[in-house]
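What follows is a set of notes on a single structure, which appears directly below.
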Number of protein chains: 2
Amino acid sequence: MGESGNAFYAQSGGVTAVINATACGLLETARQNGDRIGKVYAGRNGIIGALSEDLIDTSQESDADIAALRHTPSGAFGSCRYKLKGLEESKAQYARLIEVFKAHNIRYFFYNGGGDSADTCHKVSQLSGRMGFPIQAIHIPKTVDNDLPITDTCPGFGSVAKYIAISTREASYDVRSMARTSTKVFVVEVMGRHAGWIAAAGGLAADNHNDIPVVILFPEIQFNEDAFLSRVKANVEKYEYCTVVVSEGAKWPDGKFLAEQGTRDAFGHAQLGGAAPVVANMIKDALGYKYHWAVADYLQRSARHIASRTDVDQAYALGKAAVEMALAGENAIMPTIVRKSDSPYTWEIGKAALEDVANVEKKMPKSFISKDGFGITDDCRRYLSPLISGEDYPPYENGMPVYVTLKNQVVKKKLKDEFKI
Amino acid sequence: MGESGNAFYAQSGGVTAVINATACGLLETARQNGDRIGKVYAGRNGIIGALSEDLIDTSQESDADIAALRHTPSGAFGSCRYKLKGLEESKAQYARLIEVFKAHNIRYFFYNGGGDSADTCHKVSQLSGRMGFPIQAIHIPKTVDNDLPITDTCPGFGSVAKYIAISTREASYDVRSMARTSTKVFVVEVMGRHAGWIAAAGGLAADNHNDIPVVILFPEIQFNEDAFLSRVKANVEKYEYCTVVVSEGAKWPDGKFLAEQGTRDAFGHAQLGGAAPVVANMIKDALGYKYHWAVADYLQRSARHIASRTDVDQAYALGKAAVEMALAGENAIMPTIVRKSDSPYTWEIGKAALEDVANVEKKMPKSFISKDGFGITDDCRRYLSPLISGEDYPPYENGMPVYVTLKNQVVKKKLKDEFKI
């Protein structure tokens with residue numbers, strides 16, 4: 001392998017408030033090792049950029065713009081939802097990847113994403129052995145869903161958790177003020193179709209100094225309408241108000257999402273809405289309470305303005321570690337966060353073999369959900385609290401955060417063939 | 001009038017991220033003038049606290065807790081949605097107010113709210129002349145709707161505007177990353193049933209350094225489905241994505257809210273949802289684009305974590321000015337914000353007669369909406385930009401903002417009669 005082989009970096013899946021901090025750590029570390037890594041080419045829109053030879057020359061970006069990635073949400077090079085199939089099934093795609101990598105002397109493959117991307121990265125790592133092409137593939141974790149195994153947490157999650165914890169506290173203060181003569185129940189819907197990690201963060205709104213009645217509806221817990229309504233009623237009777245955090249993945253006992261409750265528009269089209277309006281209306285119908293509801297959607301995962309400093313630091317550190325591991329000769333691995341202690345929270349970088357990561361989903365432990373199914377336990381709080389710790393404000397100009405948009409200059413194509421995705 | 005008469009302060013209508021900053025300014029200034037103002041009694045839940053003699057003794061709160069109000073969202077004493085009728089219609093209520101004020105030696109009445117509260121305050125100011133009771137009534141502006149006349153802006157609005165501008169920018173960066181293979185349109189619904197002030201703030205997401213295609217649906221502009229869909233399509237074709245900011249008050253030409261588009265649940269109940277899902281689905285049906293939508297609801301008006309420093313400063317200054325004006329002998333007035341220049345933004349405190357404020361709604365000038373009806377003009381930008389300027393972060397502990405909950409100790413009742421609201 002040439003000492004100055006080039007590198008490929010791409011962002012995959014849903015973007016986050018801090019995936020660009022990982023890009024920043026990776027690109028800055030690669031620049032510091034310019035004697036051993038040549039150029040870093042970013043794939044425009046993830047692996048699609050590699051397949052279609054749509055490469056971005058990151059060396060054209062100024063140091064200042066690369067540094068600004070640390071505080072810029074979203075995916076600076078574009079992301080994708082696209083999963084490579086197995087080597088046998090999709091030989092043409094892998095052959096194409098090799099063609100592109102060869103043409104541009106790419107010897108390092110960094111893929112930044114969640115479970116599906118870990119799988120893609122794992123397959124690329126196998127190119128080396130199976131197809132006789134020397135490439136080191138390193139996956140860098142990223143997902144607000146927090147569902148990758150082995151690593152203590154996934155960059156992106158801590159910032160969403162912080163946003164939801166803060167927003168739930170703020171909105172609860174608001175409802176509390178209004179409850180006597182107006183809104184008594186506030187429902188906020190959060191992301192997490194398969195696991196309740198983000199919903200759990202709503203539980204942090206309450207603590208020893210903030211006696212807030214928060215009821216959480218987790219995807220892990222079969223929805224029990226009677227128990228839920230009783231709980232809301234008890235809270236309103238005791239506190240005058242109640243806050244409900246509902247996961248988009250909350251389900252009825254028959255496995256249907258709450259959000260799919262058969263709502264139809266005037267033309268008979270299937271439901272438009274999310275779980276929050278369904279839950280809010282259920283409360284109104286059964287208990288008569290005035291409600292307000294919110295659906296945070298992309299606002300939660302792009303909220304760089306209130307990112308967790310721990311999350312930003314870890315995102316950056318993992319990008320840096322990926323380059324260092326590549327230079328140390330590693331292949332088919334993922335750098336991880338290893339928790340050393342809860343309080344004070346200390347962590348270090350570790351690594352996991354991609355074969356242990358790909359297609360394994362980390363569920364929330366049962367011990368994190370309270371017995372009644374509507375809240376979080378102290379164990380959960382001990383786990384979550386450090387992840388939202390610290391603030392890392394972006395710079396502002398005229399009241400608005402200054403985020404960078406890169407030039408994203410395309411690398412001249414070397415291959416004649418177009419490749420259809 | 002006794003030099004050391006007591007004061008009554010109450011919060012009314014929808015609360016905001018900065019109404020407590022006004023309370024802070026008022027209470028700190030009253031404490032500094034303890035020789036001329038006795039105790040400040042806060043009404044629990046606005047004017048209802050006065051009618052029901054449910055008074056909070058703010059002198060029981062520590063200086064530190066009062067100072068912390070400056071960075072605490074919501075209404076610390078509880079708010080209400082309750083409007084007094086005219087003096088003739090509701091003589092019993094006004095007689096009751098006088099009874100309560102006399103019993104507690106209250107000579108200053110400070111009411112902190114929007115248009116309805118200005119009206120209530122105006123009526124209370126008339127007690128002095130018409131019912132022979134010496135009281136000075138001063139209204140302090142507060143409303144995220146920004147619809148009070150005379151004052152340049154209303155505390156609460158600048159912070160919501162900042163939140164919506166930032167969130168729209170952040171979510172736009174997110175969608176831009178995903179557009180090639182996933183979500184192409186993001187719709188966010190914002191408050192403002194009668195006026196598009198808050199929706200207009202979404203336009204600040206784009207600027208000279210951020211070429212973001214934002215389409216705004218204002219309540220002031222009749223919704224034109226064809227023109228709207230064409231605009232969204234043109235944006236997606238040019239930028240790969242489009243962001244839509246829809247006011248909850250956006251209306252069809254027949255005057256119906258977009259949110260009321262006849263949606264029914266499985267049981268035939270009227271629609272659950274807001275305007276955002278309606279608009280998102282309309283785009284999906286007509287153009288086939290994958291969408292995401294958010295409804296910010298209370299998150300926007302309680303988001304103290306990203307309050308505008310200008311807004312916080314003005315909220316505090318108006319609370320302070322209210323006390324100073326009272327001590328100067330004023331009655332039936334409202335302190336206002338007077339804009340001296342746009343850039344640099346300079347302002348000072350002025351005052352308006354309540355008879356000019358009550359029941360007058362400030363509309364957004366036509367010159368603030370672009371000719372096509374989907375955007376903001378430079379005039380609008382010049383108006384809005386200073387109002388979101390500056391950050392004013394609350395203190396944090398363990399990753400969460402430290403907001404204060406007051407002791408709110410009740411004042412012993414002096415009247416024998418209960419009063420039914």
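Scheme for the structure tokens: letters A, B, ... for chains in order shown; per-chain residue numbers from 1; ligand numbers from 1 in order shown.
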
Range 169-183 of chain B environment, 8 Å, only C-alpha atoms, sequence neighbours closer than 3 positions dropped, as JSON, numbers by chain: {"A": [14, 15, 16, 45, 73, 74, 75, 76, 77, 78, 79, 80, 81, 82, 298, 299, 302, 303, 304], "B": [165, 166, 186, 205, 206, 212, 240, 241, 242, 243, 289, 290, 291, 292]}

Using only C-alpha atoms, determine which residues lie at most 8 Å from range 4-9 of chain B, disregarding the query and same-chain residues fewer than 5 positions distant; provide the list as a short mmCIF file (atom, residue, chain, number, x, y, z; two decimals) with N, CA and C atoms, in the first residue's frame.
data_model
loop_
_atom_site.label_atom_id
_atom_site.label_comp_id
_atom_site.auth_asym_id
_atom_site.auth_seq_id
_atom_site.Cartn_x
_atom_site.Cartn_y
_atom_site.Cartn_z
N GLY B 34 -38.19 50.33 48.50
CA GLY B 34 -38.97 49.81 49.62
C GLY B 34 -39.52 50.90 50.52
N ASP B 35 -38.93 52.09 50.44
CA ASP B 35 -39.44 53.19 51.26
C ASP B 35 -40.74 53.76 50.69
N ARG B 36 -40.98 53.49 49.40
CA ARG B 36 -42.17 54.10 48.79
C ARG B 36 -43.20 53.06 48.37
N ILE B 37 -42.75 51.82 48.13
CA ILE B 37 -43.69 50.74 47.84
C ILE B 37 -43.55 49.71 48.92
N GLY B 38 -44.66 49.31 49.51
CA GLY B 38 -44.59 48.31 50.56
C GLY B 38 -44.32 46.94 49.97
N LYS B 39 -45.24 46.04 50.16
CA LYS B 39 -45.07 44.70 49.61
C LYS B 39 -45.61 44.63 48.19
N VAL B 40 -45.02 43.72 47.42
CA VAL B 40 -45.63 43.42 46.12
C VAL B 40 -46.33 42.07 46.26
N TYR B 41 -47.65 42.11 46.10
CA TYR B 41 -48.43 40.88 46.11
C TYR B 41 -48.67 40.43 44.68
N ALA B 42 -48.34 39.19 44.40
CA ALA B 42 -48.61 38.68 43.06
C ALA B 42 -49.94 37.94 43.06
N GLY B 43 -50.70 38.16 42.02
CA GLY B 43 -51.97 37.42 41.90
C GLY B 43 -51.68 36.02 41.39
N HIS B 104 -55.92 44.89 51.45
CA HIS B 104 -54.46 44.67 51.47
C HIS B 104 -53.68 45.94 51.15
N ASN B 105 -54.34 47.06 51.27
CA ASN B 105 -53.70 48.36 51.05
C ASN B 105 -52.94 48.43 49.72
N ILE B 106 -53.59 47.91 48.67
CA ILE B 106 -52.95 47.88 47.35
C ILE B 106 -53.28 49.17 46.59
N ARG B 107 -52.23 49.90 46.22
CA ARG B 107 -52.43 51.18 45.54
C ARG B 107 -51.83 51.20 44.14
N TYR B 108 -51.07 50.15 43.83
CA TYR B 108 -50.48 50.04 42.49
C TYR B 108 -50.92 48.73 41.86
N PHE B 109 -51.41 48.80 40.65
CA PHE B 109 -51.88 47.60 39.95
C PHE B 109 -51.05 47.45 38.68
N PHE B 110 -50.24 46.39 38.62
CA PHE B 110 -49.41 46.12 37.44
C PHE B 110 -49.93 44.86 36.74
N TYR B 111 -50.33 45.01 35.50
CA TYR B 111 -50.85 43.83 34.81
C TYR B 111 -49.99 43.59 33.57
N ASN B 112 -49.52 42.34 33.43
CA ASN B 112 -48.50 42.00 32.45
C ASN B 112 -49.10 41.03 31.43
#

Check range 134-264 of chain A with DSSP on the backbone and list each residue it calls alpha helix (DSSP H), as number ranges by chain. A: 157-178, 197-201, 225-239

Restricted to N, CA and C atoms, what would the selected residues look like written as a short mmCIF file (atom, residue, chain, number, x, y, z; two decimals), in the first residue's frame?
data_model
loop_
_atom_site.label_atom_id
_atom_site.label_comp_id
_atom_site.auth_asym_id
_atom_site.auth_seq_id
_atom_site.Cartn_x
_atom_site.Cartn_y
_atom_site.Cartn_z
N PHE A 157 -26.96 11.19 19.62
CA PHE A 157 -27.98 10.89 20.63
C PHE A 157 -27.93 11.89 21.79
N GLY A 158 -26.75 12.14 22.32
CA GLY A 158 -26.65 13.02 23.49
C GLY A 158 -27.27 14.39 23.25
N SER A 159 -27.11 14.89 22.03
CA SER A 159 -27.65 16.22 21.73
C SER A 159 -29.17 16.20 21.57
N VAL A 160 -29.69 15.15 20.95
CA VAL A 160 -31.16 15.03 20.87
C VAL A 160 -31.72 14.89 22.28
N ALA A 161 -31.05 14.06 23.08
CA ALA A 161 -31.53 13.83 24.45
C ALA A 161 -31.56 15.14 25.22
N LYS A 162 -30.52 15.94 25.04
CA LYS A 162 -30.46 17.23 25.74
C LYS A 162 -31.60 18.13 25.28
N TYR A 163 -31.80 18.18 23.98
CA TYR A 163 -32.87 19.02 23.42
C TYR A 163 -34.23 18.60 23.98
N ILE A 164 -34.48 17.30 23.99
CA ILE A 164 -35.80 16.82 24.46
C ILE A 164 -35.95 17.04 25.96
N ALA A 165 -34.89 16.80 26.72
CA ALA A 165 -34.97 17.01 28.17
C ALA A 165 -35.27 18.48 28.48
N ILE A 166 -34.55 19.38 27.81
CA ILE A 166 -34.74 20.82 28.05
C ILE A 166 -36.11 21.28 27.57
N SER A 167 -36.48 20.86 26.36
CA SER A 167 -37.76 21.30 25.81
C SER A 167 -38.92 20.81 26.66
N THR A 168 -38.79 19.59 27.16
CA THR A 168 -39.86 19.04 28.00
C THR A 168 -39.96 19.82 29.31
N ARG A 169 -38.81 20.19 29.86
CA ARG A 169 -38.84 21.00 31.09
C ARG A 169 -39.45 22.37 30.81
N GLU A 170 -39.02 23.00 29.74
CA GLU A 170 -39.51 24.35 29.43
C GLU A 170 -41.02 24.34 29.16
N ALA A 171 -41.47 23.41 28.36
CA ALA A 171 -42.90 23.36 28.04
C ALA A 171 -43.71 23.01 29.29
N SER A 172 -43.13 22.21 30.18
CA SER A 172 -43.85 21.86 31.42
C SER A 172 -44.03 23.09 32.31
N TYR A 173 -43.01 23.92 32.39
CA TYR A 173 -43.14 25.17 33.13
C TYR A 173 -44.28 26.02 32.51
N ASP A 174 -44.34 26.01 31.19
CA ASP A 174 -45.35 26.79 30.48
C ASP A 174 -46.76 26.28 30.84
N VAL A 175 -46.97 24.98 30.69
CA VAL A 175 -48.30 24.42 30.97
C VAL A 175 -48.69 24.64 32.43
N ARG A 176 -47.73 24.48 33.31
CA ARG A 176 -48.01 24.69 34.73
C ARG A 176 -48.58 26.08 34.98
N SER A 177 -48.06 27.07 34.25
CA SER A 177 -48.56 28.45 34.42
C SER A 177 -50.00 28.61 33.95
N MET A 178 -50.37 27.82 32.96
CA MET A 178 -51.66 28.03 32.30
C MET A 178 -52.77 27.14 32.85
N TRP A 197 -34.98 5.30 23.64
CA TRP A 197 -33.87 6.08 24.18
C TRP A 197 -34.21 7.57 24.23
N ILE A 198 -34.72 8.10 23.14
CA ILE A 198 -35.00 9.56 23.10
C ILE A 198 -36.16 9.91 24.02
N ALA A 199 -37.20 9.06 24.00
CA ALA A 199 -38.35 9.31 24.89
C ALA A 199 -37.89 9.34 26.34
N ALA A 200 -36.97 8.44 26.67
CA ALA A 200 -36.46 8.38 28.06
C ALA A 200 -35.87 9.71 28.49
N ALA A 201 -35.24 10.41 27.54
CA ALA A 201 -34.61 11.69 27.87
C ALA A 201 -35.63 12.69 28.38
N GLU A 225 -54.35 1.92 27.45
CA GLU A 225 -55.11 3.18 27.45
C GLU A 225 -55.66 3.51 28.83
N ASP A 226 -56.23 2.52 29.50
CA ASP A 226 -56.83 2.79 30.82
C ASP A 226 -55.80 3.24 31.83
N ALA A 227 -54.70 2.49 31.88
CA ALA A 227 -53.65 2.84 32.84
C ALA A 227 -53.09 4.23 32.53
N PHE A 228 -52.93 4.51 31.23
CA PHE A 228 -52.40 5.81 30.83
C PHE A 228 -53.34 6.94 31.25
N LEU A 229 -54.62 6.79 30.93
CA LEU A 229 -55.57 7.85 31.26
C LEU A 229 -55.68 8.06 32.78
N SER A 230 -55.60 6.96 33.52
CA SER A 230 -55.65 7.09 34.98
C SER A 230 -54.46 7.89 35.48
N ARG A 231 -53.31 7.62 34.88
CA ARG A 231 -52.10 8.30 35.31
C ARG A 231 -52.18 9.80 34.99
N VAL A 232 -52.67 10.11 33.80
CA VAL A 232 -52.81 11.53 33.42
C VAL A 232 -53.78 12.22 34.38
N LYS A 233 -54.89 11.56 34.65
CA LYS A 233 -55.90 12.13 35.54
C LYS A 233 -55.33 12.37 36.94
N ALA A 234 -54.61 11.38 37.45
CA ALA A 234 -54.02 11.52 38.79
C ALA A 234 -53.05 12.69 38.82
N ASN A 235 -52.27 12.85 37.76
CA ASN A 235 -51.32 13.96 37.72
C ASN A 235 -52.04 15.30 37.68
N VAL A 236 -53.06 15.40 36.85
CA VAL A 236 -53.78 16.67 36.75
C VAL A 236 -54.45 16.98 38.08
N GLU A 237 -54.96 15.96 38.76
CA GLU A 237 -55.60 16.22 40.06
C GLU A 237 -54.58 16.66 41.11
N LYS A 238 -53.39 16.12 41.03
CA LYS A 238 -52.37 16.48 42.02
C LYS A 238 -51.63 17.78 41.66
N TYR A 239 -51.25 17.90 40.38
CA TYR A 239 -50.37 19.01 39.97
C TYR A 239 -51.10 20.11 39.18
#

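Proximity of B:Val246, B:Val357, B:Ala294, B:Met325 to Gly113 in chain B, computed with only C-alpha atoms, is greatest for B:Val357.
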